[in-house]
Protein chains: 2
Amino acid sequence: MGHDRQDIHTSGIPVLCRSCEARHRGMCGVLDENELVTLARHTHKAHHAPGAELIGESVPTAAYANVMKGVVKLTKGLEDGRRQVVGLQFAPDFLGRLFGAHSAVAAEAASEVELCVVPRPALERMIAETPALEHRLMQQTLRELDEARDWMVTLGRKSAAEKLASFLLLVALHTDPEREEGAPIRFDLPLSRGDIADFLGLTIETVSRQFTALKTSGVIELTGLRTVEILSLDRLRARAG
Amino acid sequence: MGHDRQDIHTSGIPVLCRSCEARHRGMCGVLDENELVTLARHTHKAHHAPGAELIGESVPTAAYANVMKGVVKLTKGLEDGRRQVVGLQFAPDFLGRLFGAHSAVAAEAASEVELCVVPRPALERMIAETPALEHRLMQQTLRELDEARDWMVTLGRKSAAEKLASFLLLVALHTDPEREEGAPIRFDLPLSRGDIADFLGLTIETVSRQFTALKTSGVIELTGLRTVEILSLDRLRARAG
DNA sequence: CGTTTATTTGACGCGGTTCAATCAGTGTGG
DNA sequence: CCACACTGATTGAACCGCGTCAAATAAACG
């Protein structure tokens with residue numbers, strides 16, 4: 001794990017935080033310089049390869065984290081091996097079940113991931129002392145709840161074709177939030193076919209068939225198994241239900 | 001709407017709050033006597049019949065509420081009429097999208113419902129002044145997020161039989177949280193077959209068939225269309241996946 | 001290269017939807 | 001009090017979307 005911390009004695013924004021998205025759009029955005037320095041004394045950067053398990057299902061929460069880079073998938077499993085991906089965390093999303101003894105979900109690196117890890121006591125102390133921080137985390141939690149409920153509609157009421165279209169739109173939005181008008185939309189899928197199936201409540205085979213269906217009808221292009229280009233955003237939206 | 005408010009000038013717990021579950025297990029549990037009196041000055045009790053729309057989908061949030069009695073269903077709809085129930089709120093759950101301009105879901109009374117309604121500015125003012133209140137609401141929000149993710153597993157990965165068993169367990173737990181060992185479990189369903197179908201991502205017909213399957217195999221008894229008795233909790237659990 | 005793993009494609013069957021008819025419960029008016 | 005309509009639930013039969021099983025292909029890796 002990255003012990004590349006610098007000495008932080010004087011004021012100024014901590015080195016680790018300089019290029020971190022969480023400082024702008026994430027929870028650290030509500031912290032002033034002093035608070036940032038205080039918190040950064042306890043944090044460290046951690047890098048994980050795809051597939052690495054970050055948090056186990058129903059394991060005591062020892063630390064929280066912010067996603068700095070990459071995508072983390074949150075999953076829940078049934079005893080017999082069936083799995084459901086219940087959320088995707090992009091930078092600068094928060095990781096960990098606040099105030100809970102145990103995590104209700106497992107967290108796994110979907111791509112190469114960089115985390116800013118905060119030990120549980122350090123963050124909870126700062127939350128208790130900084131109402132603005134709890135407020136910010138509340139807003140992020142509410143947004144996650146909205147997203148979860150959106151996805152429940154997809155899982156419960158959409159066809160396989162609509163599910164895949166919805167997924168591609170979701171990833172496209174998170175990957176390239178601000179793109180110039182008319183520019184082609186290209187991105188790498190952060191998930192394997194199997195993970196996508198577990199996210200959509202489908203099988204690998206059905207996901208694959210829907211990919212070829214979208215390809216055949218000229219809505220998307222696949223250059224490499226993981227690289228997608230959206231040829232017609234409108235037609236993709238029309239297929240998302 | 002119930003204007004049965006008493007004059008509250010001296011200390012003491014407001015009349016409206018005396019028998020309210022929210023004061024014990026809900027958000028009002030963190031308020032002291034003075035705060036309770038202050039908040040109660042702005043609240044009123046509201047009664048709604050089954051089917052009444054409490055909050056429209058993507059309608060500006062004018063007020064929040066606590067469920068005092070009954071069950072409220074949260075739904076999201078697709079343009080073509082498909083609907084998904086994305087949550088059930090029991091007493092003393094909170095109602096309304098905090099800090100959001102619009103509600104992302106519609107809220108509808110599933111049974112006879114009593115609400116304690118708080119105008120938006122009044123509650124947001126008190127939240128800003130009372131960190132403990134925001135903390136409590138945060139915990140309730142986190143629990144709702146856990147429940148939403150649990151249900152995503154049900155929607156995405158379970159069979160129709162498992163879905164209905166999961167639903168019956170969910171309602172049984174919320175209806176009769178503390179029952180004596182070995183007592184028969186009886187309760188009224190707060191939802192019609194159609195609503196259950198929208199909650200489970202199924203059709204009415206499939207829900208009906210699964211009911212008769214559970215009845216035929218002696219796991220449950222149906223006395224009246226809405227009254228359920230669970231004959232074997234263990235066998236029901238085994239069927240919930 | 002050969003081996004392994006991920007993805008695609010094909011053939012077939014089943015679970016759940018669809019369409020349609022029947023049944024039960026609830027009013028309503030004669 | 002009974003016929004009638006109306007709404008919600010159940011039951012039946014046919015269909016089809018997606019899962020299952022199996023094989024082929026393609027990419028990744030030593």
# chains A, B, ... in the order shown; residues from 1 in each chain; ligands from 1
>>> interface_residues(of="chain B", to="chain A", cutoff="6 Å", atoms="only C-alpha atoms", output="list of chain:residue names")
B:Gln84, B:Val86, B:Met138, B:Leu145, B:Arg149, B:Met152, B:Val153, B:Leu155, B:Gly156, B:Arg157, B:Gly201
>>> residues_around(residues="DA13 (chain D)", least_positions_apart="6", cutoff="12 Å", atoms="only C-alpha atoms (C1' of nucleotides)", output="PyMOL selection string")
chain C and resi 18-21
>>> residues_around(residues="region 24-29 of chain D", least_positions_apart="4", cutoff="12 Å", atoms="only C-alpha atoms (C1' of nucleotides)", output="ChimeraX atom specification")
/A:224-226 /C:1-10
>>> write_last_selection(atoms="N, CA, C and O atoms (P, O5', C5', C4', C3', O3' and C1' of nucleotides)", output="PDB file, in the first residue's frame")
ATOM      1  N   GLY A 224     -12.582  -4.301 -29.976  1.00  0.00           N
ATOM      2  CA  GLY A 224     -12.046  -4.979 -28.800  1.00  0.00           C
ATOM      3  C   GLY A 224     -13.211  -5.319 -27.900  1.00  0.00           C
ATOM      4  O   GLY A 224     -14.252  -4.685 -27.942  1.00  0.00           O
ATOM      5  N   LEU A 225     -13.042  -6.315 -27.077  1.00  0.00           N
ATOM      6  CA  LEU A 225     -14.170  -6.806 -26.275  1.00  0.00           C
ATOM      7  C   LEU A 225     -14.660  -5.772 -25.279  1.00  0.00           C
ATOM      8  O   LEU A 225     -15.809  -5.784 -24.876  1.00  0.00           O
ATOM      9  N   ARG A 226     -13.747  -4.881 -24.882  1.00  0.00           N
ATOM     10  CA  ARG A 226     -14.102  -3.970 -23.812  1.00  0.00           C
ATOM     11  C   ARG A 226     -14.327  -2.538 -24.280  1.00  0.00           C
ATOM     12  O   ARG A 226     -14.684  -1.689 -23.485  1.00  0.00           O
TER      13      ARG A 226
ATOM     14  P    DC C   1       4.148 -22.653 -35.622  1.00  0.00           P
ATOM     15  O5'  DC C   1       3.418 -21.550 -34.780  1.00  0.00           O
ATOM     16  C5'  DC C   1       2.389 -21.886 -33.818  1.00  0.00           C
ATOM     17  C4'  DC C   1       3.018 -22.618 -32.661  1.00  0.00           C
ATOM     18  C3'  DC C   1       2.023 -23.479 -31.906  1.00  0.00           C
ATOM     19  O3'  DC C   1       2.586 -24.758 -31.628  1.00  0.00           O
ATOM     20  C1'  DC C   1       2.946 -21.849 -30.450  1.00  0.00           C
ATOM     21  P    DG C   2       1.480 -26.011 -31.578  1.00  0.00           P
ATOM     22  O5'  DG C   2       1.047 -26.030 -30.037  1.00  0.00           O
ATOM     23  C5'  DG C   2       1.960 -26.545 -29.080  1.00  0.00           C
ATOM     24  C4'  DG C   2       1.458 -26.262 -27.686  1.00  0.00           C
ATOM     25  C3'  DG C   2       0.095 -26.885 -27.361  1.00  0.00           C
ATOM     26  O3'  DG C   2       0.156 -27.353 -26.025  1.00  0.00           O
ATOM     27  C1'  DG C   2      -0.015 -24.531 -27.075  1.00  0.00           C
ATOM     28  P    DT C   3      -1.028 -28.195 -25.377  1.00  0.00           P
ATOM     29  O5'  DT C   3      -1.595 -27.207 -24.254  1.00  0.00           O
ATOM     30  C5'  DT C   3      -0.679 -26.539 -23.376  1.00  0.00           C
ATOM     31  C4'  DT C   3      -1.416 -25.511 -22.562  1.00  0.00           C
ATOM     32  C3'  DT C   3      -2.815 -25.931 -22.107  1.00  0.00           C
ATOM     33  O3'  DT C   3      -2.918 -25.801 -20.707  1.00  0.00           O
ATOM     34  C1'  DT C   3      -2.860 -23.780 -23.102  1.00  0.00           C
ATOM     35  P    DT C   4      -4.233 -26.161 -19.915  1.00  0.00           P
ATOM     36  O5'  DT C   4      -4.840 -24.707 -19.650  1.00  0.00           O
ATOM     37  C5'  DT C   4      -3.975 -23.663 -19.181  1.00  0.00           C
ATOM     38  C4'  DT C   4      -4.764 -22.363 -19.104  1.00  0.00           C
ATOM     39  C3'  DT C   4      -6.190 -22.519 -18.563  1.00  0.00           C
ATOM     40  O3'  DT C   4      -6.401 -21.581 -17.536  1.00  0.00           O
ATOM     41  C1'  DT C   4      -6.207 -21.334 -20.612  1.00  0.00           C
ATOM     42  P    DT C   5      -7.743 -21.585 -16.645  1.00  0.00           P
ATOM     43  O5'  DT C   5      -8.517 -20.286 -17.158  1.00  0.00           O
ATOM     44  C5'  DT C   5      -7.812 -19.052 -17.294  1.00  0.00           C
ATOM     45  C4'  DT C   5      -8.614 -18.093 -18.148  1.00  0.00           C
ATOM     46  C3'  DT C   5     -10.105 -17.994 -17.775  1.00  0.00           C
ATOM     47  O3'  DT C   5     -10.437 -16.634 -17.605  1.00  0.00           O
ATOM     48  C1'  DT C   5      -9.856 -18.322 -20.083  1.00  0.00           C
ATOM     49  P    DA C   6     -11.919 -16.139 -17.260  1.00  0.00           P
ATOM     50  O5'  DA C   6     -12.361 -15.439 -18.626  1.00  0.00           O
ATOM     51  C5'  DA C   6     -11.670 -14.280 -19.067  1.00  0.00           C
ATOM     52  C4'  DA C   6     -12.316 -13.782 -20.355  1.00  0.00           C
ATOM     53  C3'  DA C   6     -13.809 -13.487 -20.233  1.00  0.00           C
ATOM     54  O3'  DA C   6     -14.072 -12.246 -20.884  1.00  0.00           O
ATOM     55  C1'  DA C   6     -13.428 -15.088 -21.937  1.00  0.00           C
ATOM     56  P    DT C   7     -15.504 -11.602 -20.941  1.00  0.00           P
ATOM     57  O5'  DT C   7     -16.067 -12.073 -22.353  1.00  0.00           O
ATOM     58  C5'  DT C   7     -15.354 -11.734 -23.536  1.00  0.00           C
ATOM     59  C4'  DT C   7     -15.944 -12.445 -24.730  1.00  0.00           C
ATOM     60  C3'  DT C   7     -17.438 -12.237 -24.941  1.00  0.00           C
ATOM     61  O3'  DT C   7     -17.603 -11.458 -26.124  1.00  0.00           O
ATOM     62  C1'  DT C   7     -16.781 -14.480 -25.335  1.00  0.00           C
ATOM     63  P    DT C   8     -19.039 -11.002 -26.661  1.00  0.00           P
ATOM     64  O5'  DT C   8     -19.369 -12.175 -27.689  1.00  0.00           O
ATOM     65  C5'  DT C   8     -18.498 -12.399 -28.793  1.00  0.00           C
ATOM     66  C4'  DT C   8     -18.911 -13.661 -29.531  1.00  0.00           C
ATOM     67  C3'  DT C   8     -20.352 -13.678 -30.063  1.00  0.00           C
ATOM     68  O3'  DT C   8     -20.291 -13.821 -31.475  1.00  0.00           O
ATOM     69  C1'  DT C   8     -19.802 -15.728 -28.997  1.00  0.00           C
ATOM     70  P    DT C   9     -21.563 -13.553 -32.369  1.00  0.00           P
ATOM     71  O5'  DT C   9     -22.201 -15.012 -32.540  1.00  0.00           O
ATOM     72  C5'  DT C   9     -21.403 -16.047 -33.094  1.00  0.00           C
ATOM     73  C4'  DT C   9     -22.072 -17.389 -32.908  1.00  0.00           C
ATOM     74  C3'  DT C   9     -23.575 -17.440 -33.249  1.00  0.00           C
ATOM     75  O3'  DT C   9     -23.737 -18.276 -34.379  1.00  0.00           O
ATOM     76  C1'  DT C   9     -23.057 -18.667 -31.268  1.00  0.00           C
ATOM     77  P    DG C  10     -25.157 -18.497 -35.053  1.00  0.00           P
ATOM     78  O5'  DG C  10     -25.651 -19.872 -34.417  1.00  0.00           O
ATOM     79  C5'  DG C  10     -24.825 -21.023 -34.527  1.00  0.00           C
ATOM     80  C4'  DG C  10     -25.470 -22.192 -33.813  1.00  0.00           C
ATOM     81  C3'  DG C  10     -26.983 -22.313 -34.005  1.00  0.00           C
ATOM     82  O3'  DG C  10     -27.290 -23.636 -34.441  1.00  0.00           O
ATOM     83  C1'  DG C  10     -26.426 -22.444 -31.703  1.00  0.00           C
TER      84       DG C  10
END
>>> closest_atom_pairs(of="chain A", to="chain C", cutoff="12 Å", atoms="only C-alpha atoms (C1' of nucleotides)", output="CSV")
residue,atom,partner,partner_atom,distance
A:Ser192,CA,C:DA6,C1',8.6
A:Arg193,CA,C:DT7,C1',7.9
A:Gly194,CA,C:DA6,C1',9.3
A:Ile204,CA,C:DT7,C1',8.8
A:Glu205,CA,C:DT8,C1',8.0
A:Thr206,CA,C:DT8,C1',10.5
A:Val207,CA,C:DT7,C1',10.3
A:Ser208,CA,C:DT8,C1',6.8
A:Arg209,CA,C:DT8,C1',7.9
A:Gln210,CA,C:DT8,C1',11.1
A:Phe211,CA,C:DT8,C1',10.1
A:Thr212,CA,C:DT8,C1',8.9
A:Gly224,CA,C:DT7,C1',11.2
A:Leu225,CA,C:DT7,C1',8.2
A:Arg226,CA,C:DT7,C1',11.0
>>> atom_distance(atom1="CA of Gly51 (chain B)", atom2="CA of His174 (chain B)")
20.4 Å
>>> closest_residue(among="A:Ala238, A:Leu231, A:Ala161, A:Ala213", to="chain D", atoms="only C-alpha atoms (C1' of nucleotides)")
A:Ala161
